[in-house]
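Chemist: One structure, pasted below without further comment.
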Amino acid sequence: MIHLNIEQIESALQDAFSEPLKSGEQRKIVFWVDKDQEFIDEIDQMTIDGVHIQKLTNNNQFYMKHLLEEKDTQSHYLIYTNLELNSEENWLYDIVLYSKTFFADRISLIISDLHIDPSLRMIIKKYEKFFNNKDRFKKFQAFGLTNYTEESIELAIMSVLCGIKTPDFESVLKTVLIDTLEDTENKYIAQMEKFFDLAAFWKHVEQLYGYEREVMTLKTLFIHLTVTALSHAMKEEYLGGLKDFIAVRNRTNSLVFIDHWRHHKTDYAVFDEYAAGIEQEVKLASIIQSIPVEEFKQADIFPYFDKAIIIKIANSLLENLEDFENYTKLIKLRRAKHYYEQFTFVYEALYYTVKMHEFYKEHKQGLMQGESIAIHEAYVKEYYAMDMYYRKFYVAFDEASNNELLKKLKSLVENLYTNWFVAELSTNWSQAVKAEMTDDWSFPGVRSQQSFYSSVIAPHIRKGERVFVIISDAMRYEVGVELAERLNAETIGDCEVGTLLGVVPSVTKLGMAALLPHRKLDFDATGRVLIDDTDSSGLENRKRILESYVEDSIAVHFQDVLDMNKAGRREVFKGKKLIYFYHDTIDAMGDKASTEIYTFNAVEKALDQLSALIKVIRDDLSGSNVYITADHGFLYQREELPDSDKLAKEKIDLIEVKRRHILSKEQRELEGQIAVDLSTIVQNDEALTVYLPNGTIRNRLQGAGVNFVHGGASLQEVVVPLLTFKNKRAGQKGVQAIQKVDIKLTNTTRKITNSIFNLEFFQTEKVEDKTIPRTVLIYMTDDEGSVLSNEETLIGDHTSDKPEERTFKLQFALKSITYDRAKTYYLNIKDVETGVVIEKIPFSINLGIVSDFDF
C-alpha cells in the first residue's frame, strides 16, 4: 500500500476542514483512523488552524463523548484513533455517522479526492491498480460522478479502459466487440484483465443482456445478442438449434443494442462483417430454407434474409408465378431495412423485372394494332414505360453485373423486351407506317419536328419574349418523361410533356436542322443537310442560321455554360432573346461501337446534366420559357443481334446508307424496307426516298455499333419528346412550393405499458408533382435525448389516393431499465435527409414490473 507523508496528510485534513458547512451543520468533526498507529508520534506535533486535536482510546470514549456533545459543541475537532469506529458498541458511533472519516493511505486519498463514501472503500481497494495511474484517475474523475455505487464505479472504470467519454455500458460493450471477437486478441479484454475484474464485466453483460453460459466468449456473446434480436422479428419455433442463444430475460436490450450499433454512421461496417461470418457459422441458410418468406420478411439482423427474399422472388419469376403485387410490396418493404443499401442494385434490377412482367400480364392479349395514330397514342401514354423499365434494369444490372441471379433474370428481361415487346410493337407500327405514312410523313394532332420553330418558338419571338431551347441528342421519349417528372418534383416550375413526330431518317444532321428556323430543308448530293441552301452542320453554322432569323440569338454547347460562373453566364447571354443549348451526352456514348454498352449509364448522367442546366437557366439567367427536345430517339438492346436481324446490302443508287436507313433518288420496292417519300420533310429538286428497315432490323454494314442505332422509323426513334418548362417564383399567385409529405402518428394513446409495442403512422398526402417523398427515423428518447428504443425507418413515398395504402405499422422495443412513471419520454420523428427532428411527441411509460414476455 502506498502511504501519504505528513505534509500530504496535513494538506488533506486542512481541505476537509475547509469545506463549506452542510445544511444544519455547525462545525466539522473528522475521525482520523490509523489502525497501525503509524502516525502516533506525529499527531502530537501536528497543528491545523482553528482545529482541536484529540486522541481517542478505549479508555476515554466516555470523556470524548461528553467533550463533543456537552462541553464544546462549537469547535472543529480532529479525533485521532486506531479503534474500529463502525461498531454500535462504540460510544461515539452516533457522532461518527454524521462526521467524516479519514484514512492516511492512497485509498483514502482517492476516496477523499473523489468524494466517495468510505463505505465503498473495499471496491476502491479492489481496483487500486487502476487508480494508481494518474491518467486513468483523471479520466475517471472527469466523469464527475456524484452518486457512487459499486456498479457506477465499475462502469466508470470500464468506460475509461475502453476510451468512452461518458460512462455507458452499451458503448463499453460495443467498443469491446468492435475490436475483435477473439478473446485472446482483444485489447480491451486484456486491459480489463490487467486493471479490472473480467468477471465483473461478464456480470454486467449477464445482468443487462441475459447472457448466461458456463464458458463466456465474445463470439458466443455476439451470436446471443444477434439471435435474441432476431427473435423479435421471427417466431422462435422457426429458429431451430439457435434457441439456446435467445435470452430468457432482458431480451429487448439485445434488440436495442444491435439496432443502435447498426445505425451508427461508421461502426455498422464491423457489425455487417461479423453478421456475414456468423450467419455462415450458424448455418442460417439451412435453418430458413423451408420457412415461408412471410415469416421472415421483417427480419434484417443477417444479410442472408435479403438474399433469401431476392432468390424467392427471382425463382418465382423464373417459374412464371404471377404474384407481382406481393413481389413489389416485398421489395418496397426491404428498402427500410438495414442491408438494403448492400443489395440496392439487385433489388432495383429485380423490381424492374417485376414491372416488365406486370406489363406483359396486362398486355399479353396483344399490343395495339391498326391506325398509326392509335399506336402512337398508346406508346406515348403507356407503352414507353417498357423502354424505361428495360433501361432501368440494365442501369442496375451493370452496377451488380457479377451477380449470377441477375444473369438469369437478364434472359427473362431480354425475352420480354426484345423478343416480345419490341418485336410485336415494331411489327404493328411498321405495318401502320407502310399503310398510311409512306407518301405523307405526318398524322393528325401531332406536331411535326420540322414545324417546331415556326409553331412553338416563333410566337414567343414575335411577342418580344425570351426563349431558351435545349436540344439533347438522342434523348428519346421515355427519357424526356423521366426528366419532366424530376423537374416537377424538384422545382416549383411546371413541366409538361408533349411530342413531336421526328423526321426520317431519324439522324442527327436532319433532326438538328429541323429544329432550327428555316424556310427550306434539303439534302445535297453528298448527304449534307442544308437550311435555305446553307450547310447546317456544326455549332457555328447553326449559330449563323439562328442569327439570320433572330439577331439577338446564340447557340452554345451545354458544357461551356456549366463551366462558366454566374457573372460569366450573365455577360454571355446578356440581351439575347433566343438561346439554343446543345447537349450530346447520350449520342456521344451510344454512337461508338466501343462505348455503346454504356448507353443507359449515359442517360443517367444526361438527366443530371440537363437538370443542372435548367437550374442555371432558372436561377442565373432568369429564364421562364424553356423548351427541351431532341433531334431523334434511339433503339438499344443489350444482347447481340442475330444475323436474321440484319438486312443484306441492296444494289441501289444511293446517297448514303446507315444501319437504319438508305437515302436514295431511286424509287422502288426493297425487300424488308419501308420506302418513305421525303417530299413532306425536305424540298429537293429531285424526289428523295428514304428506305427504312421493317421493325428494328438493321442494315448489314462493316464497323459502327449495331446495338445502339437510330435513323429508322421505330417509335423509339421518331417519337421525340417536347418538354415545356415554365419557371415560377415562390410567392407568385397560385405557385405551389415543393413540400415533403408529412408523417403523423395516428395512435391517440400517449402511454406505453409494454416494453414491446406497436404504433401506427400515416402519410398525410400522396406523392405527386410538388409533394415529394420523405424518409424518417422514429425512436423513443428520455428528456435528455438518450435513445431508449430501436430506431425504425419509414419511407413515405406512396402515390395512392387510398388512405389505407399510406398507413404504416411499426414495432418498437424499449431497453429493460427502470422507467419513472412521473417523467415524460418522447417519440422522435426525424427527417433522415436533413437530420431535423420534425416532431417530438410526449409519452409516459408505465411498465409496472418489466416483463420479459411482452412479445
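Order determines the names: the first chain of the C-alpha cells is A, the second B, and so forth; residues in each chain are numbered 1 upward, and ligands are numbered 1 upward as they are shown.
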What's around range 30-42 of chain A at 7 Å? Count only C-alpha atoms, leave out sequence neighbours fewer than 3 positions away in its own chain, and write the answer as a list in words.
Modeler: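 Neighbouring residues, sequence-local ones excluded: Gln45, Met46, Tyr77, Leu78, Ile79, Tyr80, Thr81, Asn82, Leu83, Ser99, Lys100, Thr101, Phe102, Phe103 and Ala104 of chain A.
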Chemist: Could you produce a table of the residues of range 344-390 of chain A lying within 9 Å of range 704-725 of chain A, with the nearest pair of atoms per residue and their separation in Å rounded to one decimal, using only C-alpha atoms, ordered by chain and increasing residue number, as CSV?
Modeler:
```
residue,atom,partner,partner_atom,distance
A:His376,CA,A:Leu715,CA,7.4
A:Tyr379,CA,A:Leu715,CA,7.6
A:Val380,CA,A:Val719,CA,8.0
A:Tyr384,CA,A:Gln716,CA,8.1
A:Asp387,CA,A:Gln716,CA,8.2
```
Chemist: Could you name the residues that touch Thr184 in chain A at 12 Å or less, counting only C-alpha atoms, but leaving out those on the same chain fewer than 5 positions away, as a list in words?
Modeler: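 So the residues in contact are Asp179, Ile189, Ala190, Gln191, Glu193, Thr217, Leu218 and Lys219 of chain A.
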Chemist: Quick one: of A:Ile6, A:Leu515, A:Leu225, A:Ala588, who's nearest to Ala275 in chain A, counting only C-alpha atoms?
Modeler: A:Leu225
Chemist: Which of range 8-110 of chain A counts as alpha helix (DSSP H) under DSSP, as a PyMOL selection string please?
Modeler: chain A and resi 8-18+61-66+93-98+106-110
Chemist: Save out the residues we just selected, N, CA, C and O atoms, as a CSV table (one decimal), in the first residue's frame.
Modeler:
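The result, stored in selection-v4.csv:
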```
chain,number,residue,atom,x,y,z
A,8,GLN,N,1.3,15.7,3.2
A,8,GLN,CA,0.1,15.4,2.4
A,8,GLN,C,-1.1,15.2,3.3
A,8,GLN,O,-2.2,15.6,3.0
A,9,ILE,N,-0.8,14.6,4.5
A,9,ILE,CA,-1.9,14.4,5.4
A,9,ILE,C,-2.5,15.7,5.9
A,9,ILE,O,-3.7,15.9,6.0
A,10,GLU,N,-1.5,16.6,6.3
A,10,GLU,CA,-1.9,17.9,6.8
A,10,GLU,C,-2.7,18.7,5.8
A,10,GLU,O,-3.8,19.3,6.1
A,11,SER,N,-2.3,18.6,4.5
A,11,SER,CA,-3.0,19.3,3.4
A,11,SER,C,-4.4,18.7,3.2
A,11,SER,O,-5.3,19.4,3.0
A,12,ALA,N,-4.5,17.3,3.2
A,12,ALA,CA,-5.7,16.7,3.0
A,12,ALA,C,-6.7,17.0,4.1
A,12,ALA,O,-7.9,17.2,3.9
A,13,LEU,N,-6.2,17.0,5.4
A,13,LEU,CA,-7.0,17.3,6.5
A,13,LEU,C,-7.5,18.8,6.5
A,13,LEU,O,-8.6,19.1,6.8
A,14,GLN,N,-6.6,19.7,6.1
A,14,GLN,CA,-6.9,21.1,6.0
A,14,GLN,C,-8.1,21.3,5.0
A,14,GLN,O,-9.0,22.0,5.2
A,15,ASP,N,-8.0,20.5,3.9
A,15,ASP,CA,-9.0,20.6,2.8
A,15,ASP,C,-10.4,20.1,3.4
A,15,ASP,O,-11.4,20.7,3.1
A,16,ALA,N,-10.3,19.1,4.2
A,16,ALA,CA,-11.5,18.5,4.8
A,16,ALA,C,-12.2,19.5,5.7
A,16,ALA,O,-13.4,19.7,5.7
A,17,PHE,N,-11.4,20.3,6.5
A,17,PHE,CA,-12.0,21.2,7.4
A,17,PHE,C,-12.4,22.5,6.7
A,17,PHE,O,-13.2,23.3,7.3
A,18,SER,N,-11.8,22.7,5.5
A,18,SER,CA,-12.1,24.0,4.8
A,18,SER,C,-13.4,23.9,4.0
A,18,SER,O,-13.9,24.9,3.4
A,61,GLN,N,-13.4,7.0,25.9
A,61,GLN,CA,-14.6,7.1,25.0
A,61,GLN,C,-15.7,8.0,25.6
A,61,GLN,O,-16.3,8.9,25.0
A,62,PHE,N,-15.9,7.7,26.9
A,62,PHE,CA,-17.0,8.5,27.6
A,62,PHE,C,-16.6,9.9,27.7
A,62,PHE,O,-17.5,10.8,27.4
A,63,TYR,N,-15.4,10.2,28.1
A,63,TYR,CA,-14.9,11.5,28.1
A,63,TYR,C,-15.1,12.3,26.8
A,63,TYR,O,-15.5,13.4,26.7
A,64,MET,N,-14.7,11.6,25.7
A,64,MET,CA,-14.7,12.2,24.4
A,64,MET,C,-16.1,12.5,24.0
A,64,MET,O,-16.4,13.5,23.4
A,65,LYS,N,-17.0,11.6,24.4
A,65,LYS,CA,-18.4,11.8,24.0
A,65,LYS,C,-19.0,13.1,24.8
A,65,LYS,O,-19.7,13.9,24.2
A,66,HIS,N,-18.6,13.1,26.0
A,66,HIS,CA,-19.0,14.3,26.9
A,66,HIS,C,-18.4,15.6,26.3
A,66,HIS,O,-19.1,16.6,26.2
A,93,TYR,N,-20.4,6.2,18.2
A,93,TYR,CA,-21.0,5.7,16.9
A,93,TYR,C,-21.9,6.7,16.3
A,93,TYR,O,-21.8,6.9,15.1
A,94,ASP,N,-22.8,7.3,17.1
A,94,ASP,CA,-23.7,8.2,16.5
A,94,ASP,C,-23.1,9.5,16.0
A,94,ASP,O,-23.5,10.1,15.0
A,95,ILE,N,-21.9,9.9,16.6
A,95,ILE,CA,-21.2,11.0,16.2
A,95,ILE,C,-20.5,10.7,14.9
A,95,ILE,O,-20.4,11.5,13.9
A,96,VAL,N,-19.9,9.5,14.8
A,96,VAL,CA,-19.2,9.0,13.6
A,96,VAL,C,-20.2,9.1,12.4
A,96,VAL,O,-19.7,9.5,11.3
A,97,LEU,N,-21.4,8.8,12.6
A,97,LEU,CA,-22.4,8.7,11.5
A,97,LEU,C,-22.6,10.1,10.8
A,97,LEU,O,-22.8,10.2,9.6
A,98,TYR,N,-22.5,11.2,11.6
A,98,TYR,CA,-22.7,12.5,10.9
A,98,TYR,C,-21.4,13.2,10.8
A,98,TYR,O,-21.3,14.4,10.3
A,106,ARG,N,-3.3,5.7,0.3
A,106,ARG,CA,-3.7,6.0,-1.1
A,106,ARG,C,-5.2,5.8,-1.3
A,106,ARG,O,-5.8,6.7,-2.0
A,107,ILE,N,-5.7,4.8,-0.8
A,107,ILE,CA,-7.1,4.5,-1.0
A,107,ILE,C,-8.0,5.6,-0.4
A,107,ILE,O,-8.9,6.1,-1.0
A,108,SER,N,-7.5,6.1,0.8
A,108,SER,CA,-8.3,7.1,1.5
A,108,SER,C,-8.2,8.4,0.7
A,108,SER,O,-9.2,9.2,0.6
A,109,LEU,N,-7.0,8.7,0.1
A,109,LEU,CA,-6.8,9.9,-0.7
A,109,LEU,C,-7.8,9.9,-1.9
A,109,LEU,O,-8.4,10.9,-2.2
A,110,ILE,N,-7.9,8.7,-2.5
A,110,ILE,CA,-8.8,8.5,-3.7
A,110,ILE,C,-10.2,8.8,-3.3
A,110,ILE,O,-10.9,9.5,-3.9
```
Chemist: Tell me which protein, DNA and RNA residues are within 10 Å of Gly464 in chain A, counting only C-alpha atoms, leaving out same-chain ones fewer than 5 positions away, and put them as an mmCIF file with all heavy atoms, in the first residue's frame.
Modeler:
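To be explicit, this is the file written out as selection03.cif:
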```cif
data_model
loop_
_atom_site.group_PDB
_atom_site.id
_atom_site.type_symbol
_atom_site.label_atom_id
_atom_site.label_comp_id
_atom_site.auth_asym_id
_atom_site.auth_seq_id
_atom_site.Cartn_x
_atom_site.Cartn_y
_atom_site.Cartn_z
ATOM 1 N N ALA A 458 -41.395 30.671 -82.608
ATOM 2 C CA ALA A 458 -41.649 31.961 -83.278
ATOM 3 C C ALA A 458 -42.707 32.814 -82.585
ATOM 4 O O ALA A 458 -42.533 34.044 -82.476
ATOM 5 C CB ALA A 458 -42.018 31.718 -84.740
ATOM 6 N N PRO A 459 -43.801 32.260 -82.073
ATOM 7 C CA PRO A 459 -44.795 33.104 -81.390
ATOM 8 C C PRO A 459 -44.211 33.877 -80.211
ATOM 9 O O PRO A 459 -44.599 35.018 -79.961
ATOM 10 C CB PRO A 459 -45.860 32.096 -80.931
ATOM 11 C CG PRO A 459 -45.764 30.980 -81.925
ATOM 12 C CD PRO A 459 -44.304 30.864 -82.236
ATOM 13 N N LYS A 577 -32.229 37.081 -77.040
ATOM 14 C CA LYS A 577 -33.645 36.729 -76.991
ATOM 15 C C LYS A 577 -33.895 35.254 -77.276
ATOM 16 O O LYS A 577 -34.872 34.676 -76.815
ATOM 17 C CB LYS A 577 -34.422 37.582 -78.017
ATOM 18 C CG LYS A 577 -34.551 39.041 -77.649
ATOM 19 C CD LYS A 577 -35.449 39.216 -76.435
ATOM 20 C CE LYS A 577 -35.693 40.682 -76.127
ATOM 21 N NZ LYS A 577 -36.487 40.850 -74.897
#
```
